[in-house]
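Text of work_17.cif, listed as mmCIF, C-alpha atoms (C1' of nucleotides):
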data_input
loop_
_atom_site.label_atom_id
_atom_site.label_comp_id
_atom_site.auth_asym_id
_atom_site.auth_seq_id
_atom_site.Cartn_x
_atom_site.Cartn_y
_atom_site.Cartn_z
CA MET A 1 -3.69 96.55 16.34
CA HIS A 2 -0.44 97.32 18.00
CA SER A 3 1.13 100.58 16.85
CA PRO A 4 4.84 100.50 16.07
CA GLY A 5 7.26 102.32 18.36
CA ARG A 6 5.58 101.33 21.61
CA ALA A 7 6.23 98.28 23.72
CA ARG A 8 4.14 95.25 22.75
CA TRP A 9 2.25 93.56 25.59
CA ILE A 10 0.37 90.34 24.99
CA ALA A 11 -1.75 88.47 27.53
CA HIS A 12 -2.57 84.78 27.51
CA LEU A 13 -5.69 83.97 29.51
CA ASP A 14 -6.46 80.39 30.48
CA MET A 15 -9.61 79.43 32.37
CA ASP A 16 -8.83 77.25 35.41
CA ALA A 17 -9.97 73.61 34.96
CA PHE A 18 -12.68 75.08 32.78
CA TYR A 19 -15.15 72.22 32.15
CA ALA A 20 -14.86 70.96 35.71
CA SER A 21 -15.34 74.47 37.11
CA VAL A 22 -18.50 74.96 35.03
CA GLU A 23 -19.84 71.71 36.48
CA LEU A 24 -19.02 72.88 40.02
CA LEU A 25 -21.21 75.94 39.48
CA ARG A 26 -24.06 73.53 38.75
CA TYR A 27 -23.20 71.05 41.50
CA PRO A 28 -21.68 73.13 44.31
CA GLU A 29 -21.77 70.16 46.69
CA LEU A 30 -18.85 68.68 44.67
CA ARG A 31 -16.55 71.59 45.48
CA GLY A 32 -13.30 70.35 47.04
CA ARG A 33 -13.87 66.77 45.89
CA PRO A 34 -12.09 64.87 43.13
CA VAL A 35 -14.24 65.19 39.99
CA VAL A 36 -13.47 63.94 36.50
CA ILE A 37 -15.22 64.98 33.28
CA GLY A 38 -15.16 62.54 30.39
CA GLY A 39 -16.61 59.52 28.67
CA ARG A 40 -19.45 59.54 26.20
CA ARG A 41 -21.77 57.32 28.14
CA ALA A 42 -20.96 58.49 31.65
CA HIS A 43 -23.99 58.55 33.89
CA GLN A 44 -25.95 61.71 34.54
CA PRO A 45 -26.37 62.52 38.25
CA GLU A 46 -29.52 60.97 39.68
CA GLU A 47 -31.97 63.25 41.51
CA LEU A 48 -33.05 61.66 44.78
CA PRO A 49 -36.45 62.24 46.46
CA ASP A 50 -34.86 64.30 49.25
CA GLY A 51 -33.50 66.76 46.67
CA SER A 52 -29.92 65.58 46.87
CA ARG A 53 -28.07 64.02 43.95
CA ARG A 54 -26.26 60.75 43.48
CA PHE A 55 -23.21 60.88 41.23
CA ALA A 56 -21.53 58.15 39.20
CA ARG A 57 -18.15 56.98 40.47
CA LEU A 58 -15.08 56.58 38.33
CA ARG A 59 -14.74 52.96 39.54
CA ASP A 60 -18.01 52.01 37.84
CA TYR A 61 -16.92 53.15 34.40
CA ALA A 62 -16.21 50.67 31.61
CA GLY A 63 -15.29 51.77 28.10
CA ARG A 64 -12.82 53.61 25.92
CA GLY A 65 -13.34 57.14 27.18
CA VAL A 66 -10.57 59.49 28.28
CA VAL A 67 -10.38 62.23 30.89
CA THR A 68 -11.40 65.56 29.37
CA THR A 69 -10.73 67.59 32.53
CA ALA A 70 -10.20 66.89 36.19
CA THR A 71 -10.61 69.14 39.23
CA TYR A 72 -7.47 70.00 41.19
CA PRO A 73 -8.30 67.49 43.97
CA ALA A 74 -8.54 64.78 41.28
CA ARG A 75 -5.26 65.90 39.75
CA ALA A 76 -3.67 65.36 43.15
CA TYR A 77 -4.22 61.62 42.55
CA GLY A 78 -2.27 61.87 39.30
CA VAL A 79 -5.32 62.09 37.05
CA HIS A 80 -4.85 64.37 34.05
CA SER A 81 -6.60 65.11 30.77
CA GLY A 82 -6.05 62.62 27.97
CA MET A 83 -5.64 59.73 30.40
CA GLY A 84 -7.87 56.69 29.80
CA LEU A 85 -10.78 56.64 32.24
CA MET A 86 -10.05 53.02 33.16
CA LYS A 87 -6.56 54.01 34.22
CA ALA A 88 -7.85 57.10 36.04
CA ALA A 89 -10.27 54.80 37.92
CA GLN A 90 -7.30 52.89 39.31
CA LEU A 91 -5.77 56.09 40.64
CA ALA A 92 -8.96 57.65 42.02
CA PRO A 93 -11.77 55.07 42.13
CA ASP A 94 -13.96 57.21 44.37
CA ALA A 95 -13.76 60.30 42.18
CA VAL A 96 -17.06 61.55 40.78
CA LEU A 97 -17.50 61.04 37.03
CA LEU A 98 -19.57 63.50 35.01
CA PRO A 99 -20.33 63.43 31.28
CA ALA A 100 -19.10 66.40 29.24
CA ASP A 101 -21.77 69.00 28.42
CA PHE A 102 -20.16 70.92 25.59
CA ASP A 103 -23.18 73.14 24.98
CA ALA A 104 -22.89 74.46 28.52
CA TYR A 105 -19.13 75.00 28.15
CA ARG A 106 -19.60 76.86 24.85
CA ARG A 107 -22.19 79.15 26.47
CA MET A 108 -19.82 79.92 29.33
CA SER A 109 -16.99 80.39 26.83
CA ARG A 110 -18.93 83.11 25.03
CA GLN A 111 -19.64 84.78 28.37
CA PHE A 112 -16.04 84.95 29.55
CA LYS A 113 -14.82 86.17 26.16
CA ALA A 114 -17.46 88.91 26.14
CA ALA A 115 -16.35 89.93 29.63
CA VAL A 116 -12.74 90.20 28.43
CA ALA A 117 -13.81 92.16 25.34
CA GLU A 118 -15.42 94.83 27.52
CA VAL A 119 -11.93 95.63 28.81
CA ALA A 120 -9.71 94.62 25.88
CA PRO A 121 -11.27 93.97 22.47
CA VAL A 122 -8.25 92.69 20.49
CA ILE A 123 -8.71 88.97 21.16
CA GLU A 124 -7.45 85.82 19.43
CA ASP A 125 -9.59 82.75 20.02
CA ARG A 126 -7.54 79.67 20.92
CA GLY A 127 -10.37 77.30 21.62
CA ILE A 128 -13.08 77.04 24.21
CA ASP A 129 -11.10 77.98 27.32
CA GLU A 130 -8.20 80.20 26.31
CA ILE A 131 -7.42 83.38 24.39
CA TYR A 132 -4.60 85.77 23.57
CA ILE A 133 -5.22 89.47 24.11
CA ASP A 134 -3.20 92.38 22.66
CA LEU A 135 -3.00 94.93 25.47
CA SER A 136 -0.48 97.26 23.83
CA ASP A 137 -2.82 100.06 22.79
CA LEU A 138 -5.17 100.09 25.78
CA PRO A 139 -5.31 103.32 27.79
CA GLY A 140 -2.93 103.28 30.74
CA VAL A 141 -0.95 100.24 29.64
CA GLN A 142 2.15 102.18 28.65
CA ASP A 143 1.97 104.33 31.82
CA PRO A 144 3.73 103.69 35.12
CA VAL A 145 1.73 103.76 38.34
CA GLY A 146 3.60 105.19 41.30
CA HIS A 147 7.03 103.55 41.45
CA ASP A 148 5.91 100.63 39.32
CA PRO A 149 6.83 101.11 35.64
CA LEU A 150 4.41 98.33 34.68
CA GLY A 151 1.66 99.42 37.05
CA GLY A 152 -0.79 100.46 34.33
CA LEU A 153 -0.31 97.15 32.55
CA ARG A 154 -0.83 95.15 35.73
CA ALA A 155 -3.98 97.09 36.53
CA VAL A 156 -5.50 96.29 33.12
CA ALA A 157 -4.71 92.57 33.49
CA GLN A 158 -6.28 92.57 36.95
CA GLU A 159 -9.36 94.33 35.60
CA ILE A 160 -9.77 91.59 32.98
CA ARG A 161 -9.60 88.92 35.69
CA ASN A 162 -12.13 90.77 37.82
CA ASN A 163 -14.51 91.15 34.89
CA VAL A 164 -14.31 87.44 34.04
CA ARG A 165 -14.95 86.52 37.65
CA ALA A 166 -17.92 88.85 37.92
CA ALA A 167 -19.49 87.63 34.66
CA THR A 168 -19.01 83.89 35.15
CA GLY A 169 -18.14 83.14 38.76
CA LEU A 170 -15.02 81.41 37.42
CA THR A 171 -11.34 82.08 37.92
CA CYS A 172 -8.68 82.29 35.25
CA SER A 173 -4.92 82.59 35.06
CA ILE A 174 -3.20 85.26 33.00
CA GLY A 175 0.33 85.63 31.73
CA VAL A 176 1.45 89.02 30.41
CA THR A 177 4.72 89.35 28.48
CA PRO A 178 6.01 90.93 25.24
CA ASN A 179 4.79 87.98 23.09
CA LYS A 180 2.43 85.02 22.74
CA LEU A 181 5.06 82.33 23.33
CA LEU A 182 6.15 83.72 26.69
CA SER A 183 2.64 84.68 27.80
CA LYS A 184 1.47 81.11 27.20
CA ILE A 185 4.23 79.84 29.47
CA ALA A 186 3.65 82.62 32.01
CA SER A 187 -0.08 81.97 32.41
CA ASP A 188 0.83 78.51 33.70
CA LEU A 189 3.36 79.69 36.30
CA ASP A 190 0.84 80.68 38.99
CA LYS A 191 -2.17 78.50 38.26
CA PRO A 192 -4.96 78.56 39.37
CA ASP A 193 -6.20 82.13 39.78
CA GLY A 194 -2.82 83.70 39.03
CA LEU A 195 -1.42 86.76 37.32
CA THR A 196 2.17 86.62 36.08
CA LEU A 197 3.83 89.57 34.39
CA LEU A 198 7.27 89.03 32.85
CA THR A 199 9.70 91.14 30.82
CA LEU A 200 12.55 89.81 28.70
CA ASP A 201 14.84 90.52 31.68
CA ASP A 202 13.04 87.73 33.54
CA LEU A 203 13.92 85.14 30.90
CA PRO A 204 17.01 83.61 32.61
CA ALA A 205 15.43 83.40 36.07
CA ARG A 206 11.86 82.45 35.26
CA ILE A 207 11.84 80.69 31.86
CA TRP A 208 15.21 79.01 31.41
CA PRO A 209 14.87 76.65 34.41
CA LEU A 210 11.64 75.17 32.99
CA PRO A 211 11.57 71.88 31.03
CA VAL A 212 11.52 72.28 27.23
CA ARG A 213 8.07 70.67 27.06
CA ARG A 214 6.57 73.84 28.54
CA ILE A 215 7.14 75.54 25.18
CA ASN A 216 3.99 75.44 23.08
CA GLY A 217 5.15 73.52 20.00
CA ILE A 218 7.52 71.08 21.68
CA GLY A 219 5.49 67.90 22.06
CA PRO A 220 6.26 64.30 23.05
CA LYS A 221 8.46 63.56 20.02
CA ALA A 222 10.61 66.69 20.03
CA GLY A 223 10.80 66.54 23.83
CA ALA A 224 12.13 62.98 23.77
CA LYS A 225 14.62 63.79 21.03
CA LEU A 226 15.93 66.79 22.99
CA GLU A 227 16.15 64.69 26.12
CA ALA A 228 18.19 62.09 24.22
CA LEU A 229 20.53 64.92 23.21
CA GLY A 230 20.95 65.82 26.87
CA ILE A 231 18.71 68.90 26.76
CA ARG A 232 16.06 69.06 29.45
CA SER A 233 15.58 72.74 30.29
CA ILE A 234 14.80 75.71 28.08
CA GLY A 235 18.06 77.24 29.29
CA GLU A 236 20.03 74.23 28.06
CA LEU A 237 18.27 74.62 24.72
CA ALA A 238 19.21 78.31 24.63
CA GLN A 239 22.91 77.42 24.99
CA ARG A 240 22.96 75.56 21.66
CA GLU A 241 24.05 77.24 18.46
CA PRO A 242 21.34 77.64 15.79
CA ALA A 243 23.47 75.60 13.35
CA TRP A 244 23.66 72.72 15.85
CA LEU A 245 19.87 72.66 16.21
CA ILE A 246 19.24 73.04 12.48
CA GLU A 247 21.52 70.08 11.80
CA ARG A 248 19.41 67.88 14.05
CA PHE A 249 15.88 69.28 13.63
CA GLY A 250 15.83 70.71 10.12
CA ARG A 251 16.05 74.28 8.95
CA SER A 252 12.62 75.47 9.96
CA TYR A 253 12.09 73.70 13.28
CA GLY A 254 15.74 74.06 14.34
CA GLN A 255 15.63 77.83 13.80
CA TRP A 256 12.33 78.04 15.65
CA LEU A 257 13.71 76.06 18.63
CA TYR A 258 16.57 78.55 18.90
CA GLU A 259 14.27 81.56 18.80
CA ALA A 260 11.74 80.07 21.20
CA SER A 261 14.40 79.31 23.79
CA HIS A 262 15.50 82.95 23.62
CA GLY A 263 11.95 84.23 24.07
CA ILE A 264 11.73 85.53 20.50
CA ASP A 265 8.25 85.45 18.94
CA GLU A 266 6.83 88.11 16.62
CA ARG A 267 3.50 86.44 15.80
CA PRO A 268 0.63 88.92 15.91
CA VAL A 269 -2.65 88.45 17.75
CA VAL A 270 -5.02 87.26 14.99
CA THR A 271 -8.58 88.40 15.61
CA HIS A 272 -10.25 86.61 12.71
CA SER A 273 -9.62 83.35 10.86
CA GLU A 274 -11.54 81.09 8.49
CA PRO A 275 -11.80 77.35 9.14
CA VAL A 276 -9.59 75.05 7.05
CA SER A 277 -11.56 71.85 7.59
CA ILE A 278 -14.64 70.44 9.28
CA SER A 279 -14.71 66.82 10.42
CA ARG A 280 -16.56 64.21 12.43
CA GLU A 281 -15.15 60.97 13.79
CA THR A 282 -16.15 58.26 16.21
CA THR A 283 -14.39 55.52 18.16
CA PHE A 284 -16.42 52.33 18.47
CA GLU A 285 -17.25 50.57 21.73
CA ARG A 286 -15.59 47.47 20.25
CA ASP A 287 -13.43 47.00 17.16
CA LEU A 288 -15.45 46.35 14.00
CA HIS A 289 -14.65 44.27 10.94
CA ALA A 290 -15.16 45.81 7.49
CA VAL A 291 -16.96 42.76 6.14
CA ARG A 292 -18.48 41.04 9.19
CA ASP A 293 -19.81 44.30 10.66
CA ARG A 294 -20.63 45.80 7.31
CA ALA A 295 -24.19 46.93 8.13
CA GLN A 296 -23.19 48.65 11.35
CA LEU A 297 -20.23 50.39 9.71
CA SER A 298 -22.36 51.48 6.79
CA ALA A 299 -24.87 53.12 9.14
CA ILE A 300 -22.09 54.89 11.05
CA PHE A 301 -20.53 56.02 7.76
CA THR A 302 -23.83 57.49 6.60
CA ARG A 303 -24.32 59.27 9.92
CA LEU A 304 -20.84 60.82 9.79
CA ALA A 305 -21.45 62.08 6.24
CA GLN A 306 -24.75 63.57 7.37
CA GLN A 307 -23.12 65.26 10.37
CA VAL A 308 -20.36 66.77 8.26
CA ALA A 309 -22.95 67.99 5.74
CA ASP A 310 -25.04 69.52 8.53
CA ASP A 311 -21.99 71.24 10.01
CA LEU A 312 -20.97 72.64 6.62
CA GLN A 313 -24.48 73.94 5.92
CA ARG A 314 -24.97 75.40 9.37
CA LYS A 315 -21.66 77.26 9.16
CA GLY A 316 -22.14 78.23 5.50
CA TYR A 317 -19.28 76.40 3.76
CA LEU A 318 -18.75 74.17 0.73
CA SER A 319 -15.96 71.61 0.54
CA ARG A 320 -13.95 70.48 -2.47
CA THR A 321 -11.81 67.83 -0.72
CA ILE A 322 -13.55 64.98 1.07
CA GLY A 323 -11.46 62.60 3.16
CA ILE A 324 -11.75 59.64 5.47
CA LYS A 325 -9.77 58.70 8.55
CA LEU A 326 -9.47 55.17 9.87
CA ARG A 327 -7.81 53.84 12.97
CA PHE A 328 -7.15 50.12 13.17
CA GLU A 329 -7.11 47.85 16.19
CA ASP A 330 -3.32 48.26 16.38
CA PHE A 331 -3.87 52.05 16.61
CA ARG A 332 -2.34 52.64 13.19
CA THR A 333 -4.07 55.57 11.47
CA VAL A 334 -4.56 56.05 7.74
CA THR A 335 -6.21 58.83 5.77
CA ARG A 336 -7.41 59.01 2.19
CA ASP A 337 -8.85 62.03 0.44
CA LEU A 338 -10.31 63.01 -2.87
CA THR A 339 -10.76 66.35 -4.57
CA VAL A 340 -14.15 66.55 -6.28
CA ASP A 341 -15.15 68.67 -9.26
CA GLN A 342 -17.97 70.57 -7.60
CA PRO A 343 -17.69 72.03 -4.08
CA THR A 344 -20.42 70.48 -1.98
CA ALA A 345 -22.18 70.46 1.38
CA ASP A 346 -24.51 67.64 0.39
CA ALA A 347 -24.60 64.49 2.54
CA VAL A 348 -25.09 62.13 -0.42
CA GLN A 349 -22.22 63.65 -2.41
CA ILE A 350 -19.97 63.58 0.64
CA ARG A 351 -20.81 59.97 1.34
CA ARG A 352 -20.16 59.02 -2.29
CA ALA A 353 -16.73 60.70 -2.33
CA ALA A 354 -15.84 59.20 1.04
CA GLY A 355 -16.94 55.79 -0.29
CA LEU A 356 -14.47 56.12 -3.17
CA CYS A 357 -11.74 56.83 -0.62
CA LEU A 358 -12.64 53.62 1.25
CA LYS A 359 -11.81 51.55 -1.82
CA ARG A 360 -8.16 52.55 -1.48
CA VAL A 361 -7.77 51.06 2.01
CA ASP A 362 -6.69 47.57 3.05
CA PHE A 363 -9.19 46.23 5.58
CA THR A 364 -7.31 43.21 6.87
CA ARG A 365 -7.36 44.54 10.42
CA ARG A 366 -10.40 45.49 12.43
CA LEU A 367 -11.33 49.14 12.89
CA ARG A 368 -11.60 51.13 16.09
CA LEU A 369 -12.29 54.58 14.59
CA LEU A 370 -13.94 55.99 11.51
CA GLY A 371 -14.05 59.65 10.48
CA ILE A 372 -15.01 61.89 7.58
CA ARG A 373 -13.37 65.23 6.86
CA ALA A 374 -14.25 68.11 4.55
CA GLY A 375 -11.37 70.36 3.49
CA SER A 376 -10.62 73.02 0.86
CA LEU A 377 -13.52 75.06 2.19
CA SER A 378 -15.13 78.02 0.46
CA ARG A 379 -17.99 80.23 1.64
CA ALA A 380 -21.33 78.97 0.38
CA ASP A 381 -22.47 82.53 -0.32
CA ALA A 382 -19.38 83.43 -2.35
CA PRO A 383 -19.62 83.37 -6.14
CA ALA A 384 -18.38 80.05 -7.52
CA SER A 385 -14.71 80.52 -8.29
CA THR A 386 -13.78 78.30 -11.20
CA ALA A 387 -10.85 80.55 -12.01
CA THR A 388 -8.31 78.76 -9.85
CA ARG A 389 -9.47 75.30 -10.83
CA ARG A 390 -7.85 73.37 -13.61
CA PRO A 391 -10.26 71.46 -15.84
CA ALA A 392 -10.73 67.91 -14.68
CA ARG A 393 -9.26 65.22 -16.87
CA GLY A 394 -10.04 61.59 -17.39
CA LYS A 395 -12.48 60.04 -14.99
CA ALA A 396 -14.60 62.23 -12.76
CA ALA A 397 -12.69 61.25 -9.66
CA THR A 398 -9.02 61.41 -10.46
CA ALA A 399 -6.33 62.63 -8.14
CA ALA A 400 -3.45 64.31 -9.87
CA PRO A 401 -4.13 63.94 -13.60
CA GLY A 402 -2.59 60.79 -15.01
CA ASN A 403 -1.93 59.48 -11.52
CA PRO A 404 -4.49 56.76 -10.91
CA LEU A 405 -4.88 56.11 -7.21
CA PRO A 406 -4.26 52.57 -6.04
CA THR A 407 -7.38 50.61 -5.18
CA GLN A 408 -7.77 47.32 -3.36
CA PRO A 409 -9.37 44.30 -5.00
CA GLU A 410 -13.16 44.62 -4.84
CA LEU A 411 -14.55 43.76 -1.43
CA PRO A 412 -18.12 44.10 -0.22
CA LEU A 413 -17.38 47.15 1.91
CA PHE A 414 -19.62 49.62 3.67
CA ASP A 415 -19.46 52.21 0.92
CA THR A 416 -23.09 51.91 -0.03
CA PRO A 417 -25.89 53.26 2.18
CA ALA A 418 -27.34 50.76 4.62
"C1'" DT B 1 -8.16 47.98 30.81
"C1'" DC B 2 -4.26 51.29 27.02
"C1'" DT B 3 -4.89 55.62 24.22
"C1'" DG B 4 -11.58 60.97 22.49
"C1'" DG B 5 -12.81 64.39 19.15
"C1'" DG B 6 -12.00 68.63 17.04
"C1'" DG B 7 -8.62 71.11 14.78
"C1'" DT B 8 -3.87 73.50 12.41
"C1'" DC B 9 0.43 73.30 10.18
"C1'" DC B 10 4.39 71.10 7.93
"C1'" DT B 11 6.83 67.89 4.86
"C1'" DA B 12 7.39 65.33 0.84
"C1'" DG B 13 6.87 63.15 -3.69
"C1'" DG B 14 4.75 62.88 -8.25
"C1'" DA B 15 2.22 65.15 -11.96
"C1'" DC B 16 1.85 68.94 -14.61
"C1'" DC B 17 2.66 73.63 -16.50
"C1'" DC B 18 5.66 77.25 -18.12
"C1'" DT C 1 15.58 64.95 -28.20
"C1'" DC C 2 17.44 65.95 -23.76
"C1'" DT C 3 18.02 68.61 -19.60
"C1'" DG C 4 16.24 71.52 -15.99
"C1'" DG C 5 14.27 74.86 -12.68
"C1'" DG C 6 10.31 77.11 -10.45
"C1'" DG C 7 5.59 76.95 -9.07
"C1'" DT C 8 1.15 74.74 -8.03
"C1'" DC C 9 -2.01 70.97 -7.19
"C1'" DC C 10 -3.02 66.59 -5.14
"C1'" DT C 11 -2.38 63.10 -1.78
"C1'" DA C 12 -0.51 60.82 2.69
"C1'" DG C 13 1.36 61.00 6.99
"C1'" DG C 14 2.74 62.99 11.24
"C1'" DA C 15 3.54 66.39 15.05
"C1'" DC C 16 1.20 69.18 17.88
"C1'" DC C 17 -2.58 71.70 20.38
"C1'" DC C 18 -7.06 72.35 23.12
#

As structure tokens, the full file:
Amino acid sequence: MHSPGRARWIAHLDMDAFYASVELLRYPELRGRPVVIGGRRAHQPEELPDGSRRFARLRDYAGRGVVTTATYPARAYGVHSGMGLMKAAQLAPDAVLLPADFDAYRRMSRQFKAAVAEVAPVIEDRGIDEIYIDLSDLPGVQDPVGHDPLGGLRAVAQEIRNNVRAATGLTCSIGVTPNKLLSKIASDLDKPDGLTLLTLDDLPARIWPLPVRRINGIGPKAGAKLEALGIRSIGELAQREPAWLIERFGRSYGQWLYEASHGIDERPVVTHSEPVSISRETTFERDLHAVRDRAQLSAIFTRLAQQVADDLQRKGYLSRTIGIKLRFEDFRTVTRDLTVDQPTADAVQIRRAAGLCLKRVDFTRRLRLLGIRAGSLSRADAPASTATRRPARGKAATAAPGNPLPTQPELPLFDTPA
DNA sequence: TCTGGGGTCCTAGGACCC
DNA sequence: TCTGGGGTCCTAGGACCC
């Protein structure tokens, strides 16, 4: 933990094109070529008799997959993560397409994080390919080197990069600043294989010219709204009075926008956290109808419940709130959930609760996605805590007491096992 | 030829309790 | 009997992130 009275220095480390780079270690002959990772049913490379490999091309893909990652040569064609593969194929038809191998990425993720921990152990996990690191209390960080007041700090950041490279063969980009918000922006300023160290004095020159969307927490909606208000850069945002922003974005978000634009962020590096929910979902190859495709949906529903139950058991959690997620052909998304009396990790119980949720949905439109979620988690090994739970009233499955949930007229749905 | 799968956090209204 | 304020639980939706 950071001790008070000394300068706080936080690093954000982001692996460069992580999934794609892991694949390039495996298939070095693809280095320098446009490569896209994505799609569930993308073809595995074919081993030819002469020992070489034949790779699937983006142009041969058909389906609903999206780009998970693209190499920098592929990005040069305008391909980026989240883009539909069919659209990416128009931009770069000759790019190589590889299926995602998440087990391999998770293994490499553990390796790079262990390499960082050898140098700097105070780490916050932010997913498979990025972390925050609190450098404040490491030896040498607060010391100048030669004429450079931040020389010790820079040396530690460089040592982290070297260690990651040595352990994995992969490059990363690091931003080092007084807080998480600025470090996240900074790690992106010299990508790939970059190291960017900023102080608050650098804010006007290095941060303010950037578009507001570079702030972690300003997404498509807030970005568009700011644009409509004539605010494109972080500097333009910083010129606005807090009251002006609060009027237009609400008390909480408006205040946060003001602080973010001024580089203010006191959030600590959090080294441990418990999961809030565990879920599984799937998008179908074609849209399915609740009645006409009942058998198929029922089988998928059962499988999702089983997967969620397996995940809960493997990780050692029980859930008290079971929910479903549906996406219709028009891309509208609805969720329903239900708090059950007994916390569970049992596939049959989960499926039953999720089935009750289904009855509260209108199935006029066809479905493109189905998901099951388990929330209100507790540790399976913890003593059952009934203390915080009010006694259930009325029927076994009520929502708020006395608040019967609306249900649709009975339809032969897929809420019973196939 | 549109738009994956896994998450977190916030807001908001109604019920209920004190 | 009416009014009412604070706090918590439950549910639904949405923004955002990796």

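Of the listed residues (A:Ala290, A:Ala374, A:Ala224, A:Ala345), A:Ala374 comes nearest to Ile324 of chain A; the distances count only C-alpha atoms.
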
Open item on the list: Give me the residues near segment 6-13 of chain B as a PyMOL selection string, where near means some atom within 10 Å (using all atoms listed in the file) and where sequence neighbours in that chain fewer than 4 positions away do not count.
Closed with: (chain A and resi 127+252-253+275-281) or (chain C and resi 11-18)

- [ ] Would you mind telling me which residue in A:Gln142, A:Thr407, A:Thr339, A:Thr364 lies nearest to chain C when using all atoms listed in the file?
- [x] A:Thr339

Open item on the list: the PyMOL selection byres ((chain B) within 7 of (chain A)) - which residues does that actually catch in the file I just gave you? List them as an MDAnalysis selection string.
Closed with: chainID B and resid 1 3:5 15

Task: Residues selected by the PyMOL selection byres ((chain A and resi 96) around 6), written as JSON, numbers by chain - done: {"A": [35, 56, 57, 58, 95, 97]}

Open item on the list: Using the chain letters and numbers from this file, what does the PyMOL selection byres ((chain A and resi 132-134) around 6) select? Give the answer as a ChimeraX atom specification.
Closed with: /A:10-12,122-124,131,135-136

- [ ] Can you work out the spacing between atom CA of Leu229 of chain A and atom CA of Leu203 of chain A in Å, to one decimal?
- [x] 22.6 Å

TODO: List the neighbours of Arg107 of chain A out to 10 Å using all atoms listed in the file; skip same-chain residues closer than 5 positions along the sequence, and give me the result as a ChimeraX atom specification.
DONE: /A:102,112,128

Task: One-decimal distance in Å that lies between atom CA of Leu367 of chain A and atom CA of Asp287 of chain A - done: 5.2 Å

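In this model, the gap between atom CA of Trp9 of chain A and atom CA of Val176 of chain A comes to 6.7 Å.
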
TODO: May I have the protein, DNA and RNA residues with any atom at most 8 Å from the point (-19.9, 62.8, 32.2), counting only C-alpha atoms (C1' of nucleotides), written as a VMD selection string?
DONE: chain A and resid 36 to 44 97 to 101

Open item on the list: Show me, as a PyMOL selection string, the residues that have an atom within 9 Å of Ala354 of chain A when counting all atoms listed in the file, minus same-chain residues fewer than 2 positions from it.
Closed with: chain A and resi 301+305+322-324+336-338+349-352+356-358+372-373+415
